[in-house]
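A.B. asks: Please find data-v4.txt (compact mmCIF, C-alpha atoms and all ligand atoms) on the next line:
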# COMPACT_ATOMS: atom_id res chain seq x y z
CA MET P 2 9.49 84.82 90.38
CA GLY P 3 9.35 82.27 87.62
CA ALA P 4 7.42 79.20 86.74
CA PHE P 5 8.93 76.46 88.82
CA SER P 6 8.77 78.34 92.07
CA GLU P 7 5.59 80.31 91.66
CA ASP P 8 3.54 78.32 94.14
CA GLN P 9 4.59 80.38 97.11
CA HIS P 10 2.03 79.19 99.66
CA ARG P 11 3.96 78.36 102.79
CA LYS P 12 1.17 76.15 104.09
CA PRO P 13 -0.45 74.60 101.03
CA ARG P 14 -3.48 72.37 101.47
CA ARG P 15 -2.14 68.84 102.00
CA ASP P 16 -4.47 67.08 99.57
CA ASP P 17 -3.72 68.77 96.26
CA SER P 18 -0.34 70.32 97.05
CA HIS P 19 1.45 67.00 96.65
CA SER P 20 0.18 66.03 93.24
CA SER P 21 0.62 69.59 91.93
CA ALA P 22 4.20 69.57 93.26
CA PHE P 23 4.77 66.33 91.43
CA TRP P 24 3.48 67.71 88.13
CA ARG P 25 5.51 70.89 88.46
CA PHE P 26 8.58 68.81 89.12
CA LYS P 27 7.87 66.59 86.10
CA GLU P 28 7.44 69.61 83.84
CA ASN P 29 10.15 71.89 85.17
CA GLY P 30 12.70 69.34 86.35
CA ALA P 31 12.94 71.42 89.53
CA LEU P 32 10.85 72.33 92.54
CA VAL P 33 11.22 74.80 95.38
CA ILE P 34 10.26 73.17 98.67
CA ARG P 35 9.67 75.74 101.39
CA ASP P 36 10.50 74.97 105.03
CA PHE P 37 12.18 71.73 104.00
CA LEU P 38 13.87 71.38 107.39
CA PRO P 39 12.82 73.04 110.66
CA SER P 40 14.62 76.22 111.68
CA LYS P 41 16.12 74.65 114.82
CA GLN P 42 17.82 71.97 112.75
CA ILE P 43 18.98 74.55 110.20
CA ALA P 44 20.48 76.67 112.99
CA VAL P 45 22.55 73.69 114.19
CA LEU P 46 23.70 72.88 110.63
CA THR P 47 24.57 76.50 109.90
CA ARG P 48 26.66 76.84 113.07
CA ARG P 49 28.52 73.66 112.20
CA ALA P 50 29.03 74.78 108.59
CA ALA P 51 30.37 78.15 109.71
CA SER P 52 32.93 76.49 111.99
CA VAL P 53 34.04 74.12 109.19
CA PHE P 54 34.66 77.13 106.91
CA ALA P 55 36.39 79.06 109.70
CA GLU P 56 38.87 76.18 110.05
CA LEU P 57 39.30 75.92 106.29
CA ASP P 58 39.93 79.66 106.03
CA GLN P 59 42.67 79.35 108.63
CA LEU P 60 44.27 76.53 106.64
CA VAL P 61 43.96 78.52 103.39
CA ASN P 62 45.68 81.48 105.06
CA SER P 63 48.60 79.45 106.28
CA HIS P 64 49.23 76.78 103.60
CA PRO P 65 49.57 76.55 99.84
CA ILE P 66 46.09 75.86 98.53
CA GLU P 67 47.01 72.59 96.82
CA ARG P 68 48.27 71.14 100.12
CA ILE P 69 45.10 71.71 102.13
CA GLU P 70 43.23 68.57 101.19
CA LYS P 71 46.13 66.52 102.55
CA LEU P 72 45.67 68.20 105.94
CA LEU P 73 42.02 67.17 106.18
CA PRO P 74 40.69 63.87 107.56
CA ASP P 75 40.75 60.91 105.18
CA GLY P 76 38.06 61.03 102.55
CA VAL P 77 37.26 64.74 103.03
CA LEU P 78 37.55 66.54 99.70
CA PHE P 79 38.06 70.30 99.44
CA ARG P 80 37.47 72.36 96.30
CA PRO P 81 38.84 75.82 97.16
CA ARG P 82 37.87 77.37 93.85
CA VAL P 83 34.22 76.80 94.58
CA SER P 84 34.58 76.89 98.37
CA SER P 85 33.14 73.41 98.71
CA VAL P 86 33.99 70.61 101.09
CA SER P 87 32.65 67.09 101.54
CA LEU P 88 29.58 66.96 103.74
CA SER P 89 31.50 64.50 105.93
CA ALA P 90 33.65 67.45 107.11
CA MET P 91 30.66 68.54 109.19
CA GLN P 92 30.93 65.34 111.27
CA LEU P 93 27.18 65.01 111.55
CA GLU P 94 24.99 62.06 112.30
CA THR P 95 24.77 61.84 108.53
CA SER P 96 22.55 58.79 108.36
CA ALA P 97 19.80 60.40 110.48
CA LEU P 98 20.01 63.64 108.49
CA VAL P 99 19.99 61.85 105.14
CA GLN P 100 17.03 59.76 106.24
CA THR P 101 15.09 62.93 107.09
CA VAL P 102 16.04 64.51 103.78
CA ALA P 103 15.02 61.40 101.82
CA THR P 104 11.70 61.14 103.69
CA ASN P 105 10.93 64.81 103.05
CA ILE P 106 11.74 64.48 99.35
CA ASN P 107 9.60 61.37 99.01
CA ARG P 108 6.72 63.11 100.79
CA SER P 109 7.01 66.28 98.74
CA VAL P 110 7.06 64.50 95.39
CA PRO P 111 5.32 61.19 96.04
CA ASP P 112 5.93 59.09 92.98
CA LYS P 113 7.53 55.69 92.57
CA GLU P 114 9.98 56.73 89.89
CA LEU P 115 11.20 59.64 92.00
CA GLN P 116 11.78 57.78 95.24
CA THR P 117 15.32 58.16 96.48
CA LYS P 118 17.24 54.89 96.42
CA HIS P 119 20.91 55.39 97.26
CA PHE P 120 22.43 58.40 98.96
CA LEU P 121 25.56 59.29 96.98
CA SER P 122 27.73 60.18 99.95
CA ASP P 123 30.79 60.97 97.80
CA GLU P 124 28.75 63.60 95.97
CA ALA P 125 27.33 65.35 99.05
CA TRP P 126 28.84 68.80 99.55
CA LEU P 127 28.81 71.73 101.89
CA ARG P 128 29.14 74.87 99.79
CA ARG P 129 29.76 78.58 100.25
CA GLN P 130 29.32 81.24 97.62
CA PHE P 131 30.27 84.90 97.68
CA PRO P 132 29.02 88.12 96.09
CA SER P 133 31.63 89.03 93.46
CA HIS P 134 33.29 91.79 95.49
CA LEU P 135 33.76 89.51 98.53
CA ALA P 136 35.05 86.45 96.71
CA PRO P 137 38.66 85.35 97.21
CA PRO P 138 40.72 85.93 94.04
CA PHE P 139 40.79 82.24 93.09
CA HIS P 140 37.06 81.71 93.65
CA ARG P 141 34.43 81.28 90.98
CA PRO P 142 30.71 80.50 90.76
CA HIS P 143 29.41 77.28 89.22
CA SER P 144 28.48 77.73 85.57
CA TRP P 145 25.62 76.00 83.71
CA HIS P 146 25.59 72.25 84.20
CA GLN P 147 23.41 69.20 84.77
CA ASP P 148 24.12 67.21 87.92
CA GLY P 149 23.40 64.09 85.87
CA ALA P 150 26.53 64.87 83.86
CA LEU P 151 28.71 64.21 86.92
CA GLY P 152 31.66 62.12 85.87
CA LEU P 153 30.83 62.63 82.20
CA ASN P 154 33.63 63.07 79.71
CA TYR P 155 32.17 65.69 77.33
CA HIS P 156 34.60 64.73 74.58
CA THR P 157 33.69 61.06 74.44
CA MET P 158 30.20 61.67 75.90
CA THR P 159 30.66 58.65 78.13
CA HIS P 160 30.21 58.44 81.89
CA GLU P 161 33.31 57.52 83.81
CA GLY P 162 31.90 56.11 86.98
CA GLY P 163 29.14 58.72 86.92
CA ILE P 164 25.45 58.05 87.06
CA ASP P 165 23.02 58.29 84.20
CA THR P 166 21.22 61.66 83.97
CA ARG P 167 17.85 60.05 84.37
CA ARG P 168 18.79 58.48 87.68
CA ILE P 169 20.19 61.36 89.70
CA LEU P 170 18.25 63.63 92.04
CA THR P 171 19.75 66.56 93.93
CA CYS P 172 18.33 68.24 97.00
CA TRP P 173 19.98 71.64 97.33
CA LEU P 174 19.37 73.01 100.82
CA ALA P 175 19.83 76.69 101.71
CA LEU P 176 21.37 77.13 105.17
CA THR P 177 21.23 80.92 104.87
CA PRO P 178 18.80 83.22 103.02
CA CYS P 179 19.81 83.50 99.38
CA GLY P 180 18.79 84.45 95.87
CA LYS P 181 18.38 88.15 96.59
CA HIS P 182 21.13 89.52 98.85
CA ALA P 183 23.32 86.42 98.64
CA PRO P 184 24.11 84.10 95.72
CA GLY P 185 21.41 81.52 95.11
CA LEU P 186 20.71 79.15 92.26
CA ALA P 187 19.66 80.00 88.71
CA VAL P 188 17.56 77.27 87.16
CA ASN P 189 16.38 76.64 83.61
CA PRO P 190 13.00 75.13 84.49
CA VAL P 191 12.86 72.59 81.69
CA SER P 192 12.78 68.85 82.26
CA ARG P 193 15.52 67.14 80.24
CA SER P 194 16.53 63.53 80.01
CA HIS P 195 19.58 64.03 77.81
CA ILE P 196 23.00 65.51 78.30
CA VAL P 197 23.33 68.97 76.78
CA PRO P 198 26.53 69.29 74.69
CA ILE P 199 29.20 71.50 76.22
CA HIS P 200 29.06 74.18 73.48
CA ARG P 201 25.39 74.79 74.33
CA LEU P 202 26.26 75.23 78.00
CA LEU P 203 28.61 78.03 77.03
CA GLN P 204 25.80 79.89 75.29
CA SER P 205 22.97 81.70 77.02
CA VAL P 206 20.24 79.55 78.47
CA SER P 207 16.62 80.62 78.86
CA PRO P 208 14.20 80.89 80.55
CA VAL P 209 15.92 81.32 83.90
CA ASP P 210 14.38 81.33 87.38
CA THR P 211 16.27 82.71 90.37
CA PRO P 212 14.14 81.93 93.40
CA THR P 213 14.60 83.82 96.65
CA LEU P 214 15.02 81.29 99.44
CA ALA P 215 14.85 81.44 103.21
CA ALA P 216 17.19 79.38 105.37
CA GLY P 217 15.74 75.87 105.40
CA ASP P 218 14.11 76.07 101.95
CA ALA P 219 15.32 73.55 99.37
CA ILE P 220 15.40 73.12 95.61
CA LEU P 221 14.88 69.66 94.25
CA LEU P 222 16.66 69.21 90.91
CA ASP P 223 16.32 66.39 88.46
CA GLY P 224 19.63 65.17 87.02
CA GLY P 225 18.97 66.65 83.59
CA THR P 226 17.98 70.12 84.77
CA LEU P 227 20.34 72.95 83.87
CA HIS P 228 21.36 75.20 86.75
CA LYS P 229 24.23 77.39 87.93
CA THR P 230 25.14 79.71 90.78
CA HIS P 231 23.05 82.88 90.65
CA ILE P 232 25.12 85.97 91.39
CA ALA P 233 23.87 89.49 90.78
CA GLN P 234 25.31 92.97 91.23
CA GLY P 235 24.48 94.52 94.58
CA MET P 236 24.50 91.25 96.53
CA THR P 237 25.99 91.78 99.96
CA ALA P 238 26.09 88.47 101.82
CA GLN P 239 27.66 85.02 101.60
CA ARG P 240 25.56 81.93 101.23
CA LEU P 241 25.95 78.48 102.78
CA SER P 242 24.22 75.46 101.30
CA ILE P 243 24.30 71.68 101.37
CA GLU P 244 23.89 69.46 98.37
CA PHE P 245 22.47 65.98 98.93
CA ARG P 246 22.54 63.70 95.92
CA PHE P 247 20.58 60.52 95.46
CA GLU P 248 20.14 57.87 92.88
CA LYS P 249 16.47 57.48 92.05
CA GLY P 250 14.59 54.23 92.47
O1 LIG G 1 25.75 75.93 94.96
C1 LIG G 1 25.86 76.39 93.81
O2 LIG G 1 25.94 77.59 93.57
C2 LIG G 1 25.84 75.44 92.65
C3 LIG G 1 26.36 74.11 93.00
C4 LIG G 1 25.94 73.06 92.03
O3 LIG G 1 24.99 73.16 91.34
C5 LIG G 1 26.69 71.81 91.90
O4 LIG G 1 27.81 71.73 92.33
O5 LIG G 1 26.16 70.84 91.36
FE FE G 2 24.65 71.30 90.34
I need this file expressed as structure tokens, please.

C.D. replies:
Amino acid sequence: MGAFSEDQHRKPRRDDSHSSAFWRFKENGALVIRDFLPSKQIAVLTRRAASVFAELDQLVNSHPIERIEKLLPDGVLFRPRVSSVSLSAMQLETSALVQTVATNINRSVPDKELQTKHFLSDEAWLRRQFPSHLAPPFHRPHSWHQDGALGLNYHTMTHEGGIDTRRILTCWLALTPCGKHAPGLAVNPVSRSHIVPIHRLLQSVSPVDTPTLAAGDAILLDGGTLHKTHIAQGMTAQRLSIEFRFEKG
């Protein structure tokens, strides 16, 4: 277990846990938050997520892959190669859920500059990842990237409708256990405020943390923090996760 997730106390003392979480987040650009949502709520989300993917799998089995998005409700995006679909496909009371997520983030890392401002609903995703031997042939894991580079054209190094690295905050929520038996996230625990050029993303990145998460644990990622899907040999299970993205205050 590496630096950014080494504080493993499930019930830290309230008084100093918050400021130490803040400093770890400032230094590492990432923070594991245990028990981010209660297990009852996670169970409901996981059931809903599983039924969304069951429907998508049926569509994938009976239609050309490039036609599937057209069969989904308006505004629902589907990225079959990374098995990701807009959070709106879950038809949740999104505003209540997002409010809870924002409140929990703001409580976990209480600092003015980190307060969540806008929920970026178009960049909220339900995701599934597979161990290599169970992945559909067209599927692939996410490679190294910074969420703050969303919408960035790496050739011109300009944002096209994307948000500045320094202003994006991602809350990556595990709906199923992951990191050990199922693909999790690999994180380079280094705070960065600049975009890393594409050729450096293609090289090896270190150090790397690959935290083991329980269902309901979350990883908070600053927009400049490098991360990718963590897949290792011997993994046996799929993983479901939700990505909430916010613009910081
Ligand atoms: O869920 C994953 O494996 C990585 C997803 C991710 O980091 C992203 O899409 O920004
Ligand atoms: Fe990401």

A.B. asks: Residues of chain P within 8 Å of ligand FE 2 (chain G): nearest atom pair and distance (Å, one decimal) for each, counting all atoms listed in the file, sorted by chain and number, as a tab-separated table?

C.D. replies:
residue	atom	partner	partner_atom	distance
P:His143	CA	G:FE2	FE	7.7
P:His146	CA	G:FE2	FE	6.3
P:Gln147	CA	G:FE2	FE	6.1
P:Asp148	CA	G:FE2	FE	4.8
P:Thr171	CA	G:FE2	FE	7.7
P:Leu227	CA	G:FE2	FE	7.9
P:His228	CA	G:FE2	FE	6.2
P:Lys229	CA	G:FE2	FE	6.6

A.B. asks: Enumerate residues in contact with ligand LIG 1 (chain G): an atom-to-atom distance of at most 8 Å, counting all atoms listed in the file. Format the result as a PyMOL selection string.

C.D. replies: chain P and resi 126+128-130+142-144+146-148+173+184-186+228-231+242-244

A.B. asks: For P:Arg82, which of P:Tyr155, P:Phe131, P:Phe54, P:Phe139 is the closest residue, counting only C-alpha atoms?

C.D. replies: P:Phe139

A.B. asks: Just the residues within 6 Å of P:Gly225, please, counting all atoms listed in the file, with nothing from its chain fewer than 2 positions along; format it as a ChimeraX atom specification.

C.D. replies: /P:147,149,166,193-194,223

A.B. asks: Which is closest to P:Phe120 among P:Leu176, P:Met158, P:Ala97, P:Leu57, if we use all atoms listed in the file?

C.D. replies: P:Ala97

A.B. asks: Please, what distance in Å, to one decimal, runs between atom CA of P:Leu121 and atom CA of P:Asp58?

C.D. replies: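 Atom CA of P:Asp58 lies at a distance of 26.5 Å from atom CA of P:Leu121.
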
A.B. asks: What's around P:Ala175 at 10 Å? Count all atoms listed in the file, leave out sequence neighbours fewer than 5 positions away in its own chain, and write the answer as an MDAnalysis selection string.

C.D. replies: chainID P and resid 37:38 43 47 128 180 185:186 214:220 240:244

A.B. asks: Would you list the contacts of P:Ser85 as a PyMOL selection string, taking every protein, DNA or RNA residue within 6 Å and counting only C-alpha atoms, but skipping same-chain residues closer than 5 positions in sequence?

C.D. replies: chain P and resi 79-80+127-128

A.B. asks: At a cut-off of 12 Å, using all atoms listed in the file, what residues contact P:Glu67? Leave out same-chain residues fewer than 3 positions from it and give the result as a list in words.

C.D. replies: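 Neighbouring residues, sequence-local ones excluded: Leu60, Val61, Ser63, His64, Glu70, Lys71, Leu72, Leu73, Leu78, Phe79, Arg80, Pro81 and Arg82 of chain P.
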
A.B. asks: Please measure the separation of atom CA of P:Ile34 and atom CA of P:Ser6, giving the value in Å to one decimal.

C.D. replies: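 Calculated distance between atom CA of P:Ile34 and atom CA of P:Ser6 is 8.5 Å.
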
A.B. asks: For the atom pair atom CA of P:Leu46 and atom CA of P:Met91, what is the interatomic distance in Å to one decimal place?

C.D. replies: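 Between atom CA of P:Leu46 and atom CA of P:Met91 the gap works out to 8.3 Å.
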
A.B. asks: Give the answer as one residue: which of P:Arg168, P:Lys118, P:Arg48, P:Arg108 has the shortest atom-to-atom distance to P:Ala150, using only C-alpha atoms?

C.D. replies: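 Closest residue, counting only C-alpha atoms: P:Arg168.
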
A.B. asks: Considering only C-alpha atoms, return as a ChimeraX atom specification whatever protein or nucleic-acid residues lie within 10 Å of P:His119, sequence-local ones (same chain, fewer than 4 positions apart) excluded.

C.D. replies: /P:103,169,246-250

A.B. asks: Check the smallest atom-to-atom distance from each of P:Pro132, P:Gly224, P:Pro190, P:Gly152 to P:Cys172 using all atoms listed in the file, then report the winner.

C.D. replies: P:Gly224

A.B. asks: Residues within 9 Å of (27.0, 61.9, 76.6), file coordinates, counting only C-alpha atoms: what are they? Give the list as a CSV table (one decimal) with C-alpha atoms, keeping the file's coordinate frame.

C.D. replies:
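For reference, result-v6.csv as written:
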chain,number,residue,atom,x,y,z
P,150,ALA,CA,26.5,64.9,83.9
P,153,LEU,CA,30.8,62.6,82.2
P,154,ASN,CA,33.6,63.1,79.7
P,155,TYR,CA,32.2,65.7,77.3
P,156,HIS,CA,34.6,64.7,74.6
P,157,THR,CA,33.7,61.1,74.4
P,158,MET,CA,30.2,61.7,75.9
P,159,THR,CA,30.7,58.6,78.1
P,160,HIS,CA,30.2,58.4,81.9
P,195,HIS,CA,19.6,64.0,77.8
P,196,ILE,CA,23.0,65.5,78.3
P,197,VAL,CA,23.3,69.0,76.8
P,198,PRO,CA,26.5,69.3,74.7

A.B. asks: Which centre and edge lengths in Å to one decimal define the box along x, y and z that fits every listed atom of stretch 60-67 of chain P plus 3 Å per side, as JSON?

C.D. replies:
{"center_x": 46.8, "center_y": 77.0, "center_z": 101.7, "size_x": 11.6, "size_y": 14.9, "size_z": 15.8}

A.B. asks: Using all atoms listed in the file, find the one residue out of P:Ser109, P:Ser87, P:Ser40, P:Ser133 that sits nearest to P:Ala233.

C.D. replies: P:Ser133

A.B. asks: Taking into account all atoms listed in the file, which residue in the set P:Leu174, P:Leu135, P:Val206, P:Leu222 is nearest to P:Gly235?

C.D. replies: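 Looking only at the distances to P:Gly235, the closest residue turns out to be P:Leu135.
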